[in-house]
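Next comes coords.cif, with mmCIF, C-alpha atoms.
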data_target
#
loop_
_atom_site.label_atom_id
_atom_site.label_comp_id
_atom_site.auth_asym_id
_atom_site.auth_seq_id
_atom_site.Cartn_x
_atom_site.Cartn_y
_atom_site.Cartn_z
CA MET T 1 78.05 -29.37 16.56
CA ARG T 2 78.62 -26.34 18.79
CA LEU T 3 81.02 -23.49 18.19
CA THR T 4 84.21 -23.82 20.23
CA GLU T 5 85.40 -20.79 22.20
CA ILE T 6 89.03 -19.79 21.65
CA PRO T 7 90.63 -17.49 24.27
CA LEU T 8 91.72 -14.15 22.84
CA ARG T 9 94.94 -12.91 24.44
CA VAL T 10 95.30 -9.40 23.10
CA GLY T 11 98.27 -7.54 24.50
CA SER T 12 99.69 -4.17 23.47
CA THR T 13 97.40 -1.58 21.93
CA GLU T 14 100.24 -0.15 19.83
CA VAL T 15 99.85 -0.38 16.07
CA PRO T 16 102.33 0.23 13.23
CA ALA T 17 102.65 3.80 11.97
CA GLU T 18 100.88 3.12 8.68
CA VAL T 19 97.96 1.50 10.51
CA ALA T 20 97.78 4.41 12.95
CA GLU T 21 97.69 6.87 10.04
CA PHE T 22 94.90 4.92 8.37
CA LEU T 23 92.89 4.67 11.60
CA GLU T 24 93.26 8.38 12.27
CA GLU T 25 91.69 9.21 8.92
CA ALA T 26 89.11 6.44 9.26
CA GLY T 27 88.13 7.84 12.65
CA ARG T 28 87.73 11.28 11.15
CA ARG T 29 85.41 9.96 8.44
CA VAL T 30 83.43 7.91 10.94
CA SER T 31 82.90 11.08 12.97
CA VAL T 32 81.67 12.91 9.88
CA HIS T 33 79.13 10.22 9.15
CA THR T 34 77.90 9.71 12.70
CA GLU T 35 77.89 13.32 13.94
CA ARG T 36 77.37 15.64 10.97
CA LEU T 37 75.02 13.31 9.08
CA PRO T 38 73.15 11.47 11.85
CA GLY T 39 70.15 10.61 9.71
CA LEU T 40 72.11 9.21 6.79
CA PHE T 41 73.63 6.16 8.43
CA SER T 42 71.01 5.18 11.00
CA GLY T 43 72.15 2.19 13.03
CA PHE T 44 75.82 2.54 12.08
CA VAL T 45 78.01 2.10 15.17
CA PRO T 46 81.75 1.48 14.67
CA SER T 47 83.70 -1.05 16.71
CA ASP T 48 86.96 -0.39 18.57
CA PHE T 49 89.22 -0.67 15.54
CA VAL T 50 92.48 -0.93 17.49
CA ALA T 51 91.10 -3.80 19.58
CA VAL T 52 89.88 -5.60 16.46
CA TYR T 53 93.24 -5.06 14.76
CA GLN T 54 94.99 -6.63 17.74
CA ALA T 55 92.59 -9.59 17.66
CA LEU T 56 93.25 -10.15 13.97
CA ARG T 57 96.99 -9.90 14.55
CA PHE T 58 96.66 -12.45 17.36
CA ILE T 59 94.87 -14.81 14.97
CA ARG T 60 97.53 -14.30 12.31
CA ASP T 61 100.57 -14.56 14.58
CA ASN T 62 99.26 -17.73 16.24
CA HIS T 63 98.24 -19.36 12.95
CA LEU T 64 94.71 -19.96 14.22
CA ALA T 65 92.93 -19.71 10.87
CA CYS T 66 92.76 -22.64 8.48
CA GLY T 67 93.48 -20.32 5.56
CA ASN T 68 93.91 -16.68 4.59
CA SER T 69 90.42 -15.60 3.48
CA PHE T 70 88.61 -13.00 5.60
CA CYS T 71 85.13 -11.48 5.33
CA GLU T 72 83.50 -8.69 7.30
CA TRP T 73 79.72 -9.06 7.57
CA GLY T 74 78.24 -5.57 7.64
CA SER T 75 81.45 -3.77 6.78
CA GLY T 76 80.25 -0.17 7.15
CA LEU T 77 83.13 2.07 6.09
CA GLY T 78 85.23 -1.04 5.44
CA VAL T 79 87.72 -0.29 8.20
CA VAL T 80 88.04 -3.80 9.66
CA ALA T 81 88.20 -5.40 6.22
CA ALA T 82 90.94 -2.92 5.32
CA LEU T 83 92.82 -3.75 8.53
CA ALA T 84 92.63 -7.44 7.62
CA ALA T 85 94.09 -6.63 4.20
CA MET T 86 96.90 -4.68 5.89
CA LEU T 87 97.64 -7.84 7.87
CA ARG T 88 97.98 -9.71 4.55
CA PHE T 89 94.65 -11.52 4.68
CA ASP T 90 92.67 -11.88 1.46
CA ALA T 91 90.03 -9.48 2.72
CA TYR T 92 86.42 -8.91 1.70
CA GLY T 93 83.66 -6.76 3.15
CA ILE T 94 79.90 -6.84 2.54
CA GLU T 95 77.74 -3.80 3.28
CA ILE T 96 74.06 -3.30 2.42
CA ASP T 97 73.86 0.48 2.92
CA ARG T 98 74.72 2.13 -0.38
CA GLU T 99 76.08 5.35 1.14
CA LEU T 100 78.34 3.48 3.55
CA PHE T 101 79.50 1.19 0.77
CA ASP T 102 80.43 4.12 -1.46
CA ALA T 103 82.31 5.75 1.43
CA SER T 104 84.18 2.50 2.09
CA LEU T 105 85.32 2.30 -1.54
CA GLN T 106 86.69 5.84 -1.30
CA LEU T 107 88.54 5.17 1.96
CA ALA T 108 90.18 2.00 0.64
CA ALA T 109 91.13 3.74 -2.62
CA ASP T 110 92.63 6.73 -0.81
CA PHE T 111 95.02 4.41 1.05
CA ASP T 112 95.51 1.99 -1.85
CA ILE T 113 94.40 -0.96 0.29
CA PRO T 114 93.78 -4.22 -1.63
CA VAL T 115 90.39 -5.09 -0.16
CA VAL T 116 87.34 -6.34 -2.08
CA LEU T 117 84.14 -4.57 -1.01
CA ALA T 118 80.68 -5.69 -2.12
CA HIS T 119 77.33 -3.93 -1.93
CA GLY T 120 74.54 -6.21 -0.73
CA SER T 121 73.38 -8.51 2.04
CA PHE T 122 75.75 -10.89 3.80
CA VAL T 123 72.84 -13.25 4.43
CA PRO T 124 73.53 -16.37 2.34
CA ARG T 125 70.98 -17.68 -0.08
CA GLY T 126 68.76 -20.25 1.61
CA ALA T 127 68.94 -18.59 5.03
CA ASP T 128 65.75 -16.56 4.61
CA ARG T 129 63.58 -19.13 6.37
CA MET T 130 65.99 -19.30 9.31
CA LEU T 131 65.92 -15.53 9.63
CA ASP T 132 62.14 -15.36 9.30
CA ARG T 133 61.76 -17.79 12.21
CA ALA T 134 64.22 -15.78 14.31
CA PHE T 135 62.40 -12.55 13.49
CA THR T 136 59.08 -14.07 14.57
CA ASN T 137 60.44 -15.48 17.83
CA GLN T 138 62.75 -12.61 18.84
CA ASP T 139 61.50 -10.08 21.39
CA GLY T 140 62.22 -6.63 20.00
CA GLY T 141 62.85 -7.91 16.49
CA LEU T 142 66.10 -8.03 14.57
CA SER T 143 68.37 -5.24 13.37
CA LEU T 144 69.95 -6.97 10.40
CA ASN T 145 68.44 -7.11 6.95
CA THR T 146 66.74 -10.47 6.54
CA GLN T 147 66.82 -10.71 2.75
CA ALA T 148 69.43 -12.72 0.89
CA ASP T 149 70.53 -11.46 -2.52
CA ARG T 150 73.19 -12.13 -5.16
CA THR T 151 76.17 -10.75 -3.23
CA TYR T 152 78.04 -14.05 -2.99
CA ASP T 153 77.27 -14.83 -6.63
CA ASP T 154 78.77 -11.48 -7.60
CA LEU T 155 81.88 -12.26 -5.55
CA GLY T 156 82.11 -15.78 -6.97
CA LEU T 157 82.36 -17.07 -3.39
CA GLU T 158 80.22 -18.64 -0.68
CA VAL T 159 80.29 -18.36 3.10
CA ARG T 160 82.18 -21.64 3.33
CA ASP T 161 85.04 -20.11 1.31
CA PHE T 162 85.98 -17.75 4.15
CA ASP T 163 88.37 -18.84 6.89
CA ILE T 164 87.55 -15.89 9.20
CA ILE T 165 84.31 -13.97 9.46
CA PHE T 166 84.07 -10.81 11.55
CA THR T 167 80.93 -8.95 12.56
CA TYR T 168 79.67 -6.50 15.16
CA PRO T 169 76.18 -7.83 15.89
CA TRP T 170 73.44 -5.98 17.69
CA PRO T 171 72.47 -7.90 20.87
CA ASN T 172 69.24 -9.28 19.39
CA ASP T 173 71.09 -10.45 16.29
CA GLU T 174 73.95 -12.27 18.02
CA PRO T 175 72.35 -15.72 18.47
CA LEU T 176 71.13 -15.71 14.88
CA ILE T 177 74.56 -14.68 13.56
CA ALA T 178 76.11 -17.63 15.40
CA ARG T 179 73.51 -20.05 14.04
CA MET T 180 73.90 -18.76 10.50
CA PHE T 181 77.69 -19.05 10.75
CA HIS T 182 77.34 -22.57 12.14
CA LYS T 183 75.09 -23.61 9.26
CA TYR T 184 76.97 -22.07 6.34
CA ALA T 185 80.64 -21.67 7.29
CA ALA T 186 83.21 -24.36 6.62
CA ARG T 187 84.34 -26.70 9.35
CA GLY T 188 87.31 -25.07 11.09
CA ALA T 189 86.31 -21.52 10.15
CA LEU T 190 86.59 -18.76 12.77
CA LEU T 191 83.89 -16.32 13.87
CA LEU T 192 85.23 -13.14 15.48
CA THR T 193 82.59 -10.87 17.02
CA TYR T 194 82.89 -7.47 18.64
CA HIS T 195 80.56 -6.52 21.50
CA ASP T 196 80.07 -3.08 23.00
CA SER T 197 79.56 -4.14 26.63
CA LYS T 198 81.63 -7.35 26.82
CA PRO T 199 84.89 -8.73 25.41
CA MET T 200 85.26 -9.84 21.84
CA ARG T 201 84.62 -13.50 21.18
CA LEU T 202 86.53 -15.86 18.92
CA ARG T 203 84.82 -19.13 18.07
CA ARG T 204 85.59 -22.01 15.73
CA LYS T 205 83.16 -24.25 13.91
#

How does this structure look as structure tokens?
Amino acid sequence: MRLTEIPLRVGSTEVPAEVAEFLEEAGRRVSVHTERLPGLFSGFVPSDFVAVYQALRFIRDNHLACGNSFCEWGSGLGVVAALAAMLRFDAYGIEIDRELFDASLQLAADFDIPVVLAHGSFVPRGADRMLDRAFTNQDGGLSLNTQADRTYDDLGLEVRDFDIIFTYPWPNDEPLIARMFHKYAARGALLLTYHDSKPMRLRRK
């Protein structure tokens, strides 16, 4: 079974005042972490949060998801997961970098956003062999952490419990992310991916 492409028709870039306020502060904290502390969060590159918000709103307004559960793979400062919560999704984020995770907890708490953030790997248990093969065959290697851990056990959930998964994959990681989603997500689940040099993609299993 292949993933089915769904056209994303994102219109206005305007966001509600409370979202704009949150994004202004989130942008300030992102700048702190990427400019003042460049060695602390190596590899952390934020997506275009307004564009992702509009994509999530498009999904919500057009009732494209089979349910209301959202997860951000590699949630960084937790901004996208928080935006999903502000759109009334049951939102989760998984981040392996401890410093980023701690910063994401603080940001969500400061705005009283009901998002569940977990520290650990988003790689599901049993996927290690798939990732090892990809790492061996991939020119230039992979950027994502290839070790599964107990993150989903701690959440009491599995990949198949999420109706929407969002991630911003590095180019070398993108094919593997799609294969992992295809293997572990539920039938009908959506994969939303942000890309620096090309449009976002929305795909359904």

### Message
What would the selection look like, as a list in words, if the PyMOL selection byres ((chain T and resi 55) around 9) were run on the coordinates I just shared?
### Response
Leu8, Arg9, Val10, Val50, Ala51, Val52, Tyr53, Gln54, Leu56, Arg57, Phe58, Ile59, Arg60, Leu192, Met200 and Leu202 of chain T

### Message
With only C-alpha atoms as the counted atoms, please give the residues lying no more than 9 Å from Ala82 of chain T, apart from itself and same-chain residues fewer than 4 positions off, as a ChimeraX atom specification.
### Response
/T:78,86-87,91-93,108,113-116

Given the file shown, determine the residues that the PyMOL selection byres ((chain T and resi 203) around 8) selects; report them as a CSV table (one decimal) with C-alpha atoms, keeping the file's coordinate frame.
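The result, written out as out.csv:
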chain,number,residue,atom,x,y,z
T,3,LEU,CA,81.0,-23.5,18.2
T,4,THR,CA,84.2,-23.8,20.2
T,5,GLU,CA,85.4,-20.8,22.2
T,6,ILE,CA,89.0,-19.8,21.6
T,190,LEU,CA,86.6,-18.8,12.8
T,191,LEU,CA,83.9,-16.3,13.9
T,192,LEU,CA,85.2,-13.1,15.5
T,201,ARG,CA,84.6,-13.5,21.2
T,202,LEU,CA,86.5,-15.9,18.9
T,204,ARG,CA,85.6,-22.0,15.7
T,205,LYS,CA,83.2,-24.2,13.9

### Query
If you measure from atom CA of Ser197 of chain T to atom CA of Arg29 of chain T, what distance in Å do you get, rounded to one decimal?
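Atom CA of Arg29 of chain T lies 23.7 Å from atom CA of Ser197 of chain T.
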
### Point (79.3, -16.4, -0.5), cut-off 12 Å, counting only C-alpha atoms, residues as a ChimeraX atom specification
/T:69-73,92-94,118,120-127,148-163,165,181,184-186
